[in-house]
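Engineer: The file below is coords18.cif, mmCIF, C-alpha atoms:
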```cif
data_coords
loop_
_atom_site.label_atom_id
_atom_site.label_comp_id
_atom_site.auth_asym_id
_atom_site.auth_seq_id
_atom_site.Cartn_x
_atom_site.Cartn_y
_atom_site.Cartn_z
CA MET A 1 9.52 8.60 -29.77
CA ALA A 2 6.00 8.38 -31.21
CA ILE A 3 3.97 5.34 -30.23
CA SER A 4 0.48 4.93 -31.66
CA ARG A 5 -2.33 3.19 -29.83
CA LEU A 6 -2.47 0.65 -32.67
CA VAL A 7 1.21 -0.16 -32.29
CA LEU A 8 0.69 -0.45 -28.54
CA GLY A 9 -2.16 -2.90 -29.09
CA ASN A 10 -0.13 -4.97 -31.56
CA TRP A 11 2.81 -5.00 -29.15
CA LYS A 12 0.65 -6.20 -26.29
CA GLU A 13 -0.90 -8.96 -28.39
CA ALA A 14 2.53 -10.11 -29.59
CA ASN A 15 3.87 -9.89 -26.08
CA ASP A 16 1.06 -12.06 -24.75
CA LYS A 17 1.63 -14.65 -27.47
CA THR A 18 5.39 -14.67 -26.96
CA ASN A 19 5.52 -14.65 -23.20
CA GLY A 20 2.14 -16.04 -22.31
CA ASP A 21 1.39 -16.83 -18.71
CA ALA A 22 4.21 -18.61 -16.92
CA GLU A 23 1.58 -20.48 -14.98
CA ASP A 24 0.47 -22.24 -18.17
CA LYS A 25 3.86 -23.29 -19.49
CA PRO A 26 5.29 -26.67 -18.54
CA ASN A 27 8.80 -26.95 -17.10
CA GLN A 28 8.67 -23.38 -15.80
CA LEU A 29 8.52 -22.32 -12.21
CA LYS A 30 5.17 -21.14 -10.94
CA VAL A 31 4.32 -18.80 -8.09
CA CYS A 32 3.42 -21.77 -5.91
CA ASP A 33 6.91 -23.21 -6.48
CA MET A 34 8.78 -20.11 -5.32
CA TRP A 35 6.31 -18.18 -3.19
CA ARG A 36 8.63 -18.01 -0.19
CA ASP A 37 11.36 -16.49 -2.38
CA ILE A 38 8.82 -13.98 -3.74
CA GLN A 39 7.92 -13.08 -0.15
CA GLY A 40 11.60 -12.35 0.54
CA ASP A 41 12.68 -15.50 2.37
CA ASN A 42 16.15 -15.09 0.85
CA HIS A 43 16.08 -11.25 0.68
CA TRP A 44 15.24 -11.51 -3.04
CA ASN A 45 18.81 -12.55 -3.83
CA GLY A 46 19.16 -13.39 -7.50
CA LEU A 47 15.64 -12.17 -8.33
CA LEU A 48 16.19 -8.45 -8.93
CA ASP A 49 18.92 -8.05 -11.53
CA PRO A 50 17.50 -8.99 -13.93
CA ILE A 51 14.13 -9.00 -12.22
CA ASN A 52 12.31 -12.32 -12.09
CA PRO A 53 9.07 -12.03 -14.13
CA LEU A 54 7.02 -13.86 -11.50
CA LEU A 55 8.32 -11.57 -8.78
CA LYS A 56 7.54 -8.49 -10.88
CA ALA A 57 4.03 -9.71 -11.60
CA GLU A 58 3.38 -10.29 -7.89
CA VAL A 59 4.78 -6.90 -6.86
CA LEU A 60 2.56 -5.25 -9.48
CA ARG A 61 -0.39 -7.20 -8.13
CA TYR A 62 0.20 -5.93 -4.60
CA GLY A 63 0.66 -2.43 -6.03
CA ASP A 64 -2.87 -2.68 -7.42
CA PHE A 65 -4.13 -3.56 -3.94
CA ALA A 66 -2.65 -0.25 -2.79
CA GLN A 67 -4.03 1.62 -5.81
CA GLN A 68 -7.54 0.47 -4.96
CA SER A 69 -7.27 2.18 -1.59
CA TYR A 70 -6.96 5.44 -3.55
CA ASP A 71 -9.62 4.66 -6.16
CA SER A 72 -12.16 3.68 -3.51
CA PHE A 73 -11.60 6.67 -1.22
CA ASP A 74 -14.08 9.57 -1.26
CA ASN A 75 -11.81 12.60 -1.26
CA THR A 76 -14.45 15.18 -2.19
CA PRO A 77 -14.78 17.56 0.80
CA SER A 78 -18.33 18.55 -0.20
CA SER A 79 -19.46 14.92 -0.28
CA THR A 80 -21.65 13.48 2.46
CA TYR A 81 -19.32 10.50 2.43
CA TYR A 82 -16.05 12.43 2.56
CA GLY A 83 -13.36 10.40 4.30
CA ASN A 84 -15.08 7.07 3.73
CA CYS A 85 -14.65 4.19 1.36
CA LYS A 86 -17.05 4.51 -1.57
CA ARG A 87 -17.58 0.77 -1.68
CA SER A 88 -18.93 -1.83 0.67
CA LYS A 89 -16.53 -4.62 1.63
CA SER A 90 -18.26 -7.03 -0.76
CA SER A 91 -18.19 -4.45 -3.58
CA LEU A 92 -14.50 -3.74 -3.01
CA GLY A 93 -13.81 -7.48 -3.06
CA GLN A 94 -15.60 -7.74 -6.40
CA ARG A 95 -13.53 -4.85 -7.69
CA LEU A 96 -10.31 -6.57 -6.67
CA ASP A 97 -11.51 -9.73 -8.38
CA PHE A 98 -12.39 -7.81 -11.54
CA LEU A 99 -8.90 -6.31 -11.70
CA ASN A 100 -7.33 -9.75 -11.12
CA CYS A 101 -5.03 -8.33 -8.44
CA GLY A 102 -7.27 -9.77 -5.74
CA ARG A 103 -8.85 -12.65 -7.58
CA GLY A 104 -10.56 -14.79 -4.96
CA TYR A 105 -9.87 -12.38 -2.07
CA GLN A 106 -12.52 -11.46 0.48
CA VAL A 107 -12.31 -8.06 2.18
CA THR A 108 -12.86 -8.76 5.87
CA LYS A 109 -12.11 -5.45 7.61
CA TYR A 110 -11.86 -1.72 6.96
CA ILE A 111 -9.20 0.35 8.71
CA TYR A 112 -9.88 3.87 9.98
CA ALA A 113 -7.34 6.27 11.43
CA ASN A 114 -7.56 9.46 13.45
CA THR A 115 -5.05 11.86 11.94
CA SER A 116 -6.31 15.00 13.68
CA LEU A 117 -3.71 17.14 15.41
CA LEU A 118 -6.17 18.94 17.69
CA ASP A 119 -5.70 16.47 20.51
CA SER A 120 -1.94 17.04 20.61
CA ILE A 121 -2.01 20.82 20.04
CA PHE A 122 -5.05 21.96 22.01
CA GLY A 123 -5.73 18.99 24.26
CA GLU A 124 -9.00 18.30 22.45
CA GLU A 125 -10.40 15.43 20.43
CA SER A 126 -11.81 15.91 16.93
CA SER A 127 -13.48 13.51 14.52
CA GLU A 128 -12.63 15.71 11.51
CA GLY A 129 -9.38 13.82 11.04
CA VAL A 130 -10.97 10.37 11.10
CA ALA A 131 -10.81 8.72 7.69
CA TRP A 132 -10.84 5.33 5.97
CA ILE A 133 -7.21 4.50 5.34
CA GLY A 134 -7.05 0.87 4.26
CA TYR A 135 -8.47 -2.62 4.35
CA ILE A 136 -7.65 -6.24 5.14
CA ALA A 137 -8.41 -9.06 2.71
CA VAL A 138 -7.82 -12.80 2.71
CA CYS A 139 -7.63 -15.22 -0.20
CA THR A 140 -10.55 -17.64 -0.02
CA ASP A 141 -10.67 -19.06 -3.55
CA PRO A 142 -9.26 -22.64 -3.76
CA ASP A 143 -7.86 -22.12 -7.27
CA GLU A 144 -6.06 -18.90 -6.28
CA ILE A 145 -4.74 -20.51 -3.09
CA LYS A 146 -3.37 -23.31 -5.25
CA ARG A 147 -1.76 -20.81 -7.64
CA LEU A 148 -0.18 -18.87 -4.78
CA GLY A 149 0.91 -21.99 -2.90
CA ARG A 150 -0.59 -20.68 0.35
CA ARG A 151 -3.43 -18.66 1.79
CA ASP A 152 -2.48 -15.00 1.63
CA ILE A 153 -3.64 -12.24 3.98
CA VAL A 154 -3.22 -8.71 2.60
CA VAL A 155 -3.21 -5.42 4.51
CA ALA A 156 -3.40 -2.48 2.09
CA TRP A 157 -2.83 1.11 3.26
CA ARG A 158 -3.80 4.31 1.49
CA GLY A 159 -1.38 7.20 1.04
CA THR A 160 -1.87 10.84 2.03
CA GLN A 161 -5.12 12.43 0.84
CA THR A 162 -6.58 14.66 3.56
CA PRO A 163 -5.12 17.90 5.00
CA PHE A 164 -4.80 16.28 8.43
CA GLU A 165 -2.70 13.47 6.94
CA TRP A 166 -0.37 16.00 5.30
CA MET A 167 0.10 17.65 8.70
CA GLN A 168 0.92 14.29 10.28
CA ASN A 169 3.63 13.79 7.66
CA LEU A 170 5.36 16.95 8.87
CA ARG A 171 5.76 15.63 12.43
CA ASP A 172 9.15 14.21 11.58
CA ILE A 173 10.68 13.90 15.04
CA LEU A 174 11.69 10.40 16.07
CA VAL A 175 9.91 9.15 19.19
CA PRO A 176 10.05 5.90 21.20
CA VAL A 177 7.73 3.19 19.95
CA MET A 178 6.13 2.87 23.38
CA THR A 179 4.11 6.05 23.84
CA SER A 180 2.79 7.08 27.24
CA LYS A 181 -0.53 8.15 25.74
CA ALA A 182 -1.28 4.78 24.19
CA THR A 183 -3.42 2.27 26.00
CA THR A 184 -2.04 -1.15 26.83
CA CYS A 185 -3.59 -2.69 23.73
CA SER A 186 -2.09 0.05 21.55
CA ASN A 187 1.48 -0.44 22.73
CA ILE A 188 3.88 -1.73 20.09
CA GLN A 189 6.29 -4.21 21.55
CA THR A 190 10.02 -3.55 21.36
CA ILE A 191 11.19 -6.21 23.77
CA SER A 192 14.57 -6.92 22.20
CA ASN A 193 15.39 -3.38 21.06
CA PRO A 194 14.03 -0.57 23.26
CA ASP A 195 16.11 1.99 21.31
CA ALA A 196 13.87 1.73 18.25
CA ARG A 197 12.40 5.09 17.26
CA ILE A 198 9.65 5.89 14.74
CA GLU A 199 8.51 9.11 13.07
CA LYS A 200 5.97 10.77 15.37
CA GLY A 201 3.34 11.45 12.71
CA PHE A 202 3.31 7.86 11.43
CA LEU A 203 3.08 6.44 14.94
CA SER A 204 0.25 8.80 15.85
CA CYS A 205 -1.70 7.89 12.72
CA TYR A 206 -1.28 4.21 13.58
CA THR A 207 -2.18 4.36 17.28
CA ALA A 208 -4.49 7.36 17.79
CA THR A 209 -8.14 6.86 18.76
CA ASP A 210 -11.20 9.09 18.93
CA GLU A 211 -13.77 8.23 21.59
CA ASP A 212 -16.38 10.44 19.92
CA SER A 213 -16.09 8.67 16.59
CA VAL A 214 -18.02 5.49 15.83
CA ARG A 215 -15.36 4.45 13.33
CA CYS A 216 -12.27 5.22 15.37
CA LYS A 217 -13.00 4.21 18.95
CA ARG A 218 -10.31 1.64 18.23
CA SER A 219 -7.04 2.73 16.70
CA ALA A 220 -5.92 1.59 13.27
CA ARG A 221 -3.35 -0.48 15.13
CA ASP A 222 -5.98 -2.28 17.24
CA THR A 223 -8.09 -2.99 14.16
CA VAL A 224 -5.15 -4.53 12.28
CA VAL A 225 -3.88 -6.56 15.23
CA GLY A 226 -7.35 -7.84 16.09
CA GLU A 227 -8.24 -8.91 12.56
CA ILE A 228 -4.86 -10.43 11.69
CA THR A 229 -4.85 -12.37 14.96
CA ARG A 230 -8.35 -13.67 14.24
CA LEU A 231 -7.46 -14.79 10.71
CA VAL A 232 -4.20 -16.44 11.76
CA ARG A 233 -5.94 -18.39 14.51
CA GLU A 234 -8.69 -19.49 12.13
CA TYR A 235 -6.42 -20.77 9.39
CA LYS A 236 -3.54 -22.07 11.50
CA GLU A 237 -5.99 -24.47 13.09
CA LYS A 238 -6.45 -25.92 9.60
CA GLU A 239 -2.67 -26.32 9.35
CA GLU A 240 -2.51 -24.25 6.17
CA ASP A 241 0.52 -22.40 4.83
CA LEU A 242 -0.06 -18.70 5.41
CA SER A 243 1.58 -15.42 4.42
CA ILE A 244 0.86 -11.92 5.67
CA THR A 245 1.56 -9.24 3.06
CA PHE A 246 1.49 -5.51 3.71
CA THR A 247 1.39 -2.99 0.91
CA GLY A 248 0.96 0.74 0.53
CA HIS A 249 2.13 3.89 -1.21
CA SER A 250 3.73 6.97 0.37
CA LEU A 251 2.19 7.38 3.85
CA GLY A 252 0.57 4.00 3.23
CA ALA A 253 4.00 2.45 2.67
CA ALA A 254 5.19 3.86 6.00
CA LEU A 255 2.11 2.47 7.77
CA ALA A 256 2.59 -0.87 6.02
CA THR A 257 6.17 -1.01 7.34
CA LEU A 258 5.14 -0.02 10.86
CA SER A 259 2.22 -2.45 11.04
CA ALA A 260 4.32 -5.33 9.66
CA TYR A 261 6.91 -4.62 12.37
CA ASP A 262 4.15 -4.71 14.98
CA ILE A 263 2.44 -7.87 13.69
CA LYS A 264 5.68 -9.83 13.38
CA GLN A 265 6.54 -9.16 17.01
CA ILE A 266 3.09 -10.25 18.14
CA MET A 267 3.29 -13.45 16.09
CA VAL A 268 6.68 -14.31 17.59
CA ASN A 269 6.46 -12.99 21.15
CA GLU A 270 2.83 -13.74 22.01
CA TYR A 271 2.01 -16.78 19.89
CA GLY A 272 5.43 -18.29 19.20
CA VAL A 273 4.66 -18.37 15.46
CA THR A 274 7.78 -17.97 13.35
CA SER A 275 6.77 -19.90 10.23
CA ILE A 276 4.41 -17.27 8.79
CA PRO A 277 6.34 -14.87 6.53
CA VAL A 278 5.54 -11.20 7.04
CA THR A 279 6.40 -9.14 3.95
CA VAL A 280 6.08 -5.50 2.93
CA PHE A 281 5.86 -4.31 -0.67
CA ALA A 282 6.31 -0.57 -0.19
CA PHE A 283 5.91 1.97 -2.98
CA ALA A 284 7.48 5.43 -2.61
CA SER A 285 8.02 4.88 1.09
CA PRO A 286 9.51 7.67 3.19
CA ARG A 287 11.95 6.69 5.91
CA VAL A 288 10.06 5.36 8.92
CA GLY A 289 12.50 5.01 11.81
CA ASN A 290 16.05 5.13 13.10
CA LEU A 291 18.96 2.71 12.80
CA SER A 292 17.81 0.61 15.76
CA PHE A 293 14.37 0.26 14.18
CA ALA A 294 15.88 -0.90 10.87
CA GLN A 295 18.16 -3.37 12.65
CA HIS A 296 15.30 -4.74 14.73
CA MET A 297 13.16 -5.20 11.58
CA GLU A 298 15.97 -7.32 10.17
CA GLU A 299 16.44 -9.30 13.40
CA ILE A 300 12.78 -10.30 13.76
CA GLY A 301 12.54 -11.29 10.10
CA VAL A 302 10.25 -8.71 8.49
CA LYS A 303 11.06 -8.63 4.77
CA VAL A 304 10.68 -5.26 3.04
CA LEU A 305 10.95 -4.63 -0.70
CA ARG A 306 10.88 -0.89 -1.40
CA VAL A 307 10.02 0.28 -4.90
CA VAL A 308 11.46 3.76 -5.52
CA ASN A 309 11.32 6.15 -8.47
CA HIS A 310 14.79 7.63 -8.12
CA LYS A 311 13.63 11.19 -8.98
CA ASP A 312 10.79 11.09 -6.45
CA LEU A 313 11.46 13.30 -3.42
CA VAL A 314 9.31 11.43 -0.88
CA PRO A 315 11.67 8.44 -0.39
CA LYS A 316 14.41 10.95 0.41
CA VAL A 317 12.63 12.21 3.53
CA PRO A 318 12.54 12.45 6.49
CA GLY A 319 16.22 12.46 7.41
CA ILE A 320 17.25 14.43 4.36
CA PHE A 321 20.58 15.34 6.03
CA PHE A 322 21.10 12.47 8.50
CA ASN A 323 20.42 9.08 6.95
CA GLU A 324 21.91 5.73 5.87
CA ASN A 325 23.99 7.41 3.16
CA LEU A 326 26.43 8.85 5.73
CA GLY A 327 28.28 5.54 6.06
CA TRP A 328 30.02 5.08 9.42
CA LEU A 329 28.56 8.40 10.63
CA THR A 330 25.12 6.78 10.58
CA SER A 331 26.00 4.69 13.65
CA LEU A 332 27.75 7.59 15.32
CA LEU A 333 24.78 9.95 14.94
CA HIS A 334 22.01 7.42 15.55
CA TRP A 335 20.91 9.24 18.74
CA LEU A 336 19.78 12.38 16.87
CA PRO A 337 15.97 12.83 16.68
CA TRP A 338 16.28 13.43 12.91
CA ALA A 339 18.62 10.54 12.00
CA TYR A 340 16.60 8.13 9.84
CA VAL A 341 17.50 4.89 8.06
CA HIS A 342 15.64 3.13 5.26
CA VAL A 343 14.71 -0.52 5.79
CA GLY A 344 14.82 -3.54 3.49
CA VAL A 345 15.83 -4.01 -0.13
CA GLU A 346 15.34 -1.37 -2.80
CA ILE A 347 14.23 -1.52 -6.43
CA SER A 348 15.25 1.74 -8.09
CA LEU A 349 13.07 2.74 -11.04
CA ASP A 350 13.55 5.48 -13.61
CA SER A 351 10.20 6.62 -14.97
CA SER A 352 11.98 8.86 -17.50
CA SER A 353 13.18 5.73 -19.32
CA SER A 354 9.62 5.06 -20.52
CA ALA A 355 8.85 6.32 -24.01
CA PHE A 356 5.15 6.32 -23.10
CA LEU A 357 5.45 9.18 -20.60
CA LYS A 358 5.82 12.90 -21.08
CA HIS A 359 8.82 14.60 -19.52
CA MET A 360 7.80 15.17 -15.91
CA HIS A 361 9.11 17.90 -13.62
CA ASN A 362 6.24 18.15 -11.15
CA PRO A 363 7.19 16.22 -7.97
CA GLU A 364 3.58 15.11 -7.58
CA ASN A 365 3.66 13.34 -10.95
CA LEU A 366 6.93 11.58 -10.14
CA HIS A 367 5.27 10.33 -6.94
CA ASN A 368 2.11 9.06 -8.67
CA LEU A 369 1.45 5.37 -7.90
CA GLU A 370 0.23 4.59 -11.43
CA VAL A 371 3.51 6.05 -12.75
CA TYR A 372 5.34 3.77 -10.34
CA LEU A 373 3.43 0.70 -11.54
CA HIS A 374 4.01 1.63 -15.19
CA ALA A 375 7.74 2.11 -14.55
CA LEU A 376 7.91 -1.20 -12.69
CA ASP A 377 6.12 -2.95 -15.56
CA GLY A 378 8.96 -1.95 -17.91
CA PHE A 379 11.73 -2.46 -15.37
CA GLN A 380 14.22 -5.23 -16.21
CA GLY A 381 16.91 -4.78 -13.60
CA ASN A 382 19.11 -2.33 -11.73
CA ASN A 383 21.84 -2.70 -14.36
CA LYS A 384 20.23 -0.06 -16.60
CA LEU A 385 18.62 -2.46 -19.04
CA PRO A 386 16.24 -0.66 -21.44
CA PHE A 387 12.56 -0.13 -20.58
CA LYS A 388 10.55 -3.11 -21.79
CA PRO A 389 6.82 -3.25 -20.89
CA SER A 390 5.52 -6.66 -19.91
CA GLY A 391 1.76 -6.33 -20.22
CA ARG A 392 0.32 -3.62 -17.96
CA ASP A 393 -1.81 -1.19 -19.95
CA PRO A 394 -0.13 2.24 -20.05
CA ALA A 395 -3.58 3.85 -20.29
CA LEU A 396 -3.93 3.37 -16.54
CA VAL A 397 -1.38 6.16 -16.03
CA ASN A 398 -3.89 8.72 -17.33
CA LYS A 399 -6.65 7.52 -15.06
CA HIS A 400 -6.35 10.60 -12.85
CA SER A 401 -3.65 12.56 -14.70
CA ASP A 402 -2.35 13.74 -18.08
CA LEU A 403 1.08 12.13 -18.25
CA LEU A 404 0.99 9.95 -21.37
CA ILE A 405 2.40 11.22 -24.68
CA GLU A 406 -0.20 12.62 -27.08
CA SER A 407 0.38 10.01 -29.81
CA LEU A 408 -1.15 7.31 -27.61
CA GLN A 409 -4.47 9.18 -27.87
CA ILE A 410 -5.47 8.39 -24.29
CA PRO A 411 -7.66 11.13 -22.79
CA SER A 412 -6.45 12.73 -19.59
CA ASN A 413 -8.30 12.02 -16.34
CA TRP A 414 -10.49 9.50 -18.13
CA TRP A 415 -11.59 7.67 -14.97
CA GLU A 416 -15.25 8.53 -14.44
CA LYS A 417 -17.70 6.87 -12.13
CA ARG A 418 -20.96 5.74 -13.71
CA ASN A 419 -23.24 8.80 -13.90
CA LYS A 420 -20.76 10.40 -11.49
CA GLU A 421 -22.37 8.13 -8.87
CA VAL A 422 -25.76 9.79 -9.04
CA VAL A 423 -28.59 7.28 -8.56
CA LYS A 424 -32.37 7.45 -8.60
CA ARG A 425 -33.99 7.20 -5.22
CA ILE A 426 -37.19 5.21 -4.72
CA ASP A 427 -39.19 8.45 -4.84
CA GLY A 428 -37.72 9.29 -8.24
CA MET A 429 -35.26 11.94 -7.01
CA LEU A 430 -31.67 11.84 -8.25
CA VAL A 431 -29.10 11.86 -5.43
CA TYR A 432 -25.34 11.43 -5.06
CA SER A 433 -24.71 8.02 -3.49
CA PRO A 434 -21.18 6.64 -3.97
CA THR A 435 -21.51 3.85 -1.42
CA THR A 436 -24.14 1.76 -3.21
CA PRO A 437 -25.03 1.11 -6.87
CA THR A 438 -28.71 0.57 -6.02
CA PRO A 439 -31.40 3.11 -5.09
CA VAL A 440 -31.23 4.13 -1.44
CA PRO A 441 -34.22 4.53 0.89
CA LEU A 442 -35.64 7.93 1.72
CA PRO A 443 -33.94 9.65 4.67
CA GLN A 444 -35.90 10.37 7.83
CA ILE A 445 -36.80 14.08 7.60
CA PRO A 446 -37.93 15.70 10.87
CA LEU A 447 -41.26 17.58 10.63
#
```
Spell out the structure here as structure tokens.

Structural biologist:
Amino acid sequence: MAISRLVLGNWKEANDKTNGDAEDKPNQLKVCDMWRDIQGDNHWNGLLDPINPLLKAEVLRYGDFAQQSYDSFDNTPSSTYYGNCKRSKSSLGQRLDFLNCGRGYQVTKYIYANTSLLDSIFGEESSEGVAWIGYIAVCTDPDEIKRLGRRDIVVAWRGTQTPFEWMQNLRDILVPVMTSKATTCSNIQTISNPDARIEKGFLSCYTATDEDSVRCKRSARDTVVGEITRLVREYKEKEEDLSITFTGHSLGAALATLSAYDIKQIMVNEYGVTSIPVTVFAFASPRVGNLSFAQHMEEIGVKVLRVVNHKDLVPKVPGIFFNENLGWLTSLLHWLPWAYVHVGVEISLDSSSSAFLKHMHNPENLHNLEVYLHALDGFQGNNKLPFKPSGRDPALVNKHSDLLIESLQIPSNWWEKRNKEVVKRIDGMLVYSPTTPTPVPLPQIPL
């Protein structure tokens, strides 16, 4: 099916005029009217088939939070800033505001993780596996708080990018949540279900530290717990409605699930707070834990909405042979160290139903987050309704790929940083500096 860029533009304009913004129409529900339902208070019953447009818009918005963790990550091994975020917290906040996904959000904390395997294999510590893996942001704009109906705290996790993170993904043995190597502050509580088990690589990524690294003396877990606790204390004193939303793609989705599980227990067991909804919007999430883990997630009230492209291989692992699809055998074989169970509610997408995309056979393309967001944009429900885009620009799919049909005339890999992030230093020299848009001072050169 040939679709020209002109037709696409006309469709989008007509779509905007027809549908408009639900926030602006009288007698229609707004996000502030149903925010608890959007956060999964009723397990999204009645909202998925067909999908509620407000819910879809919010899930897409949180998907963009996750996408920014990719776009802002310096994944060039030759770069001086490899493994870091290319933006300052204020710059990333401005970026979120520009994209409208985080309009009025302030980035308050960066999350770093030590994914090196040297400590577990050779008994050594290495900073080579330390990388920026996510961020925490809080809504501070009064108008956006009014639109949302509450103050929202977002924890966004990046998916796998470095070789060390790929190696962590392969450590697919289930281990107890309480690890003997973790310090007291890095223990994840499992008071009511000590049988909960989590994939070893995910748990290590979440709890590992590196004493020799400035960025990772505290684990990713300690950073998240400390910052979320601080924000909750600050805003609960003002008696505001709060929500804590975790989002991520691939490895990031697994870490979002694990950290939400951790935070919910802390809120309930340490602070007696049960009124703050803790929600996960997980894209292409692998399985994270065993049956006991999934049951405990349900018991403590963590709501998880998993968005899955049904041809993507990543959501099918780990536990490719022993998983929730075995029926009654799942309970019988729950003790196996490879028996995994998915958590939460699933939205099953079919990216091949989009006429905008080329036929894809490469597993990496089927796993692409922009492909996921495009497929979700046209998703109408699990009852096989036809693909119907609702406003997200398909051109975003080709940002770092070549997956759109030729008739759209969208160049492949069109995303380019300004001047490839080369800036002029105060001495007139041109240097690569992705962390700041302004000239940087001269370095101290030893004589």

Engineer: Select, from A:Glu364, A:Asp312, A:Asp393, A:Asp377, the residue with the minimum atom-to-atom distance to Leu54 (chain A), counting only C-alpha atoms.

Structural biologist: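 Of the candidates, the smallest distance to Leu54 (chain A) is held by A:Asp377.
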
Engineer: Please enumerate the residues selected by the PyMOL selection byres ((chain A and resi 261) around 10) when evaluated against the supplied file, formatted as an mmCIF file with C-alpha atoms, in the frame of the given file.

Structural biologist:
```
data_model
loop_
_atom_site.group_PDB
_atom_site.id
_atom_site.type_symbol
_atom_site.label_atom_id
_atom_site.label_comp_id
_atom_site.auth_asym_id
_atom_site.auth_seq_id
_atom_site.Cartn_x
_atom_site.Cartn_y
_atom_site.Cartn_z
ATOM 1 C CA ILE A 188 3.880 -1.730 20.090
ATOM 2 C CA GLN A 189 6.290 -4.210 21.550
ATOM 3 C CA THR A 190 10.020 -3.550 21.360
ATOM 4 C CA LEU A 255 2.110 2.470 7.770
ATOM 5 C CA ALA A 256 2.590 -0.870 6.020
ATOM 6 C CA THR A 257 6.170 -1.010 7.340
ATOM 7 C CA LEU A 258 5.140 -0.020 10.860
ATOM 8 C CA SER A 259 2.220 -2.450 11.040
ATOM 9 C CA ALA A 260 4.320 -5.330 9.660
ATOM 10 C CA ASP A 262 4.150 -4.710 14.980
ATOM 11 C CA ILE A 263 2.440 -7.870 13.690
ATOM 12 C CA LYS A 264 5.680 -9.830 13.380
ATOM 13 C CA GLN A 265 6.540 -9.160 17.010
ATOM 14 C CA ILE A 266 3.090 -10.250 18.140
ATOM 15 C CA VAL A 278 5.540 -11.200 7.040
ATOM 16 C CA THR A 279 6.400 -9.140 3.950
ATOM 17 C CA VAL A 280 6.080 -5.500 2.930
ATOM 18 C CA PHE A 293 14.370 0.260 14.180
ATOM 19 C CA ALA A 294 15.880 -0.900 10.870
ATOM 20 C CA HIS A 296 15.300 -4.740 14.730
ATOM 21 C CA MET A 297 13.160 -5.200 11.580
ATOM 22 C CA GLU A 298 15.970 -7.320 10.170
ATOM 23 C CA ILE A 300 12.780 -10.300 13.760
ATOM 24 C CA GLY A 301 12.540 -11.290 10.100
ATOM 25 C CA VAL A 302 10.250 -8.710 8.490
ATOM 26 C CA LYS A 303 11.060 -8.630 4.770
#
```

Engineer: For Ala282 (chain A), find every residue with an atom within 12 Å (counting only C-alpha atoms), except residues of its own chain fewer than 4 positions away, and show them as a PyMOL selection string.

Structural biologist: chain A and resi 59-60+62-67+155-159+245-258+260+286-288+303-309+315+342-347+369+372-373

Engineer: Using Å and a single decimal, report how far CA of Tyr135 (chain A) sits from CA of His43 (chain A).

Structural biologist: 26.3 Å

Engineer: In Å, rounded to a single decimal, give me how far CA of Pro277 (chain A) is from CA of Asp241 (chain A).

Structural biologist: 9.7 Å

Engineer: Counting all atoms listed in the file, write as an NGL selection string all protein and nucleic acid residues lying at most 8 Å from (13.9, -5.4, -11.2) in the file's frame.

Structural biologist: :A and (47-52 or 56 or 347-348 or 376 or 379-382)

Engineer: Using all atoms listed in the file, can you tell me which of A:Gln409, A:Ser401, A:Ser292, A:Ser354 comes closest to Leu385 (chain A)?

Structural biologist: A:Ser354

Engineer: Would you please work out which residue, of A:Leu349, A:Ala196, A:Leu357, A:Val232, is nearest to Glu406 (chain A) when using only C-alpha atoms?

Structural biologist: A:Leu357

Engineer: Just how far from CA of Glu234 (chain A) is CA of Asp141 (chain A), in Å to one decimal?

Structural biologist: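 Spanning CA of Asp141 (chain A) to CA of Glu234 (chain A) is a straight-line distance of 15.8 Å.
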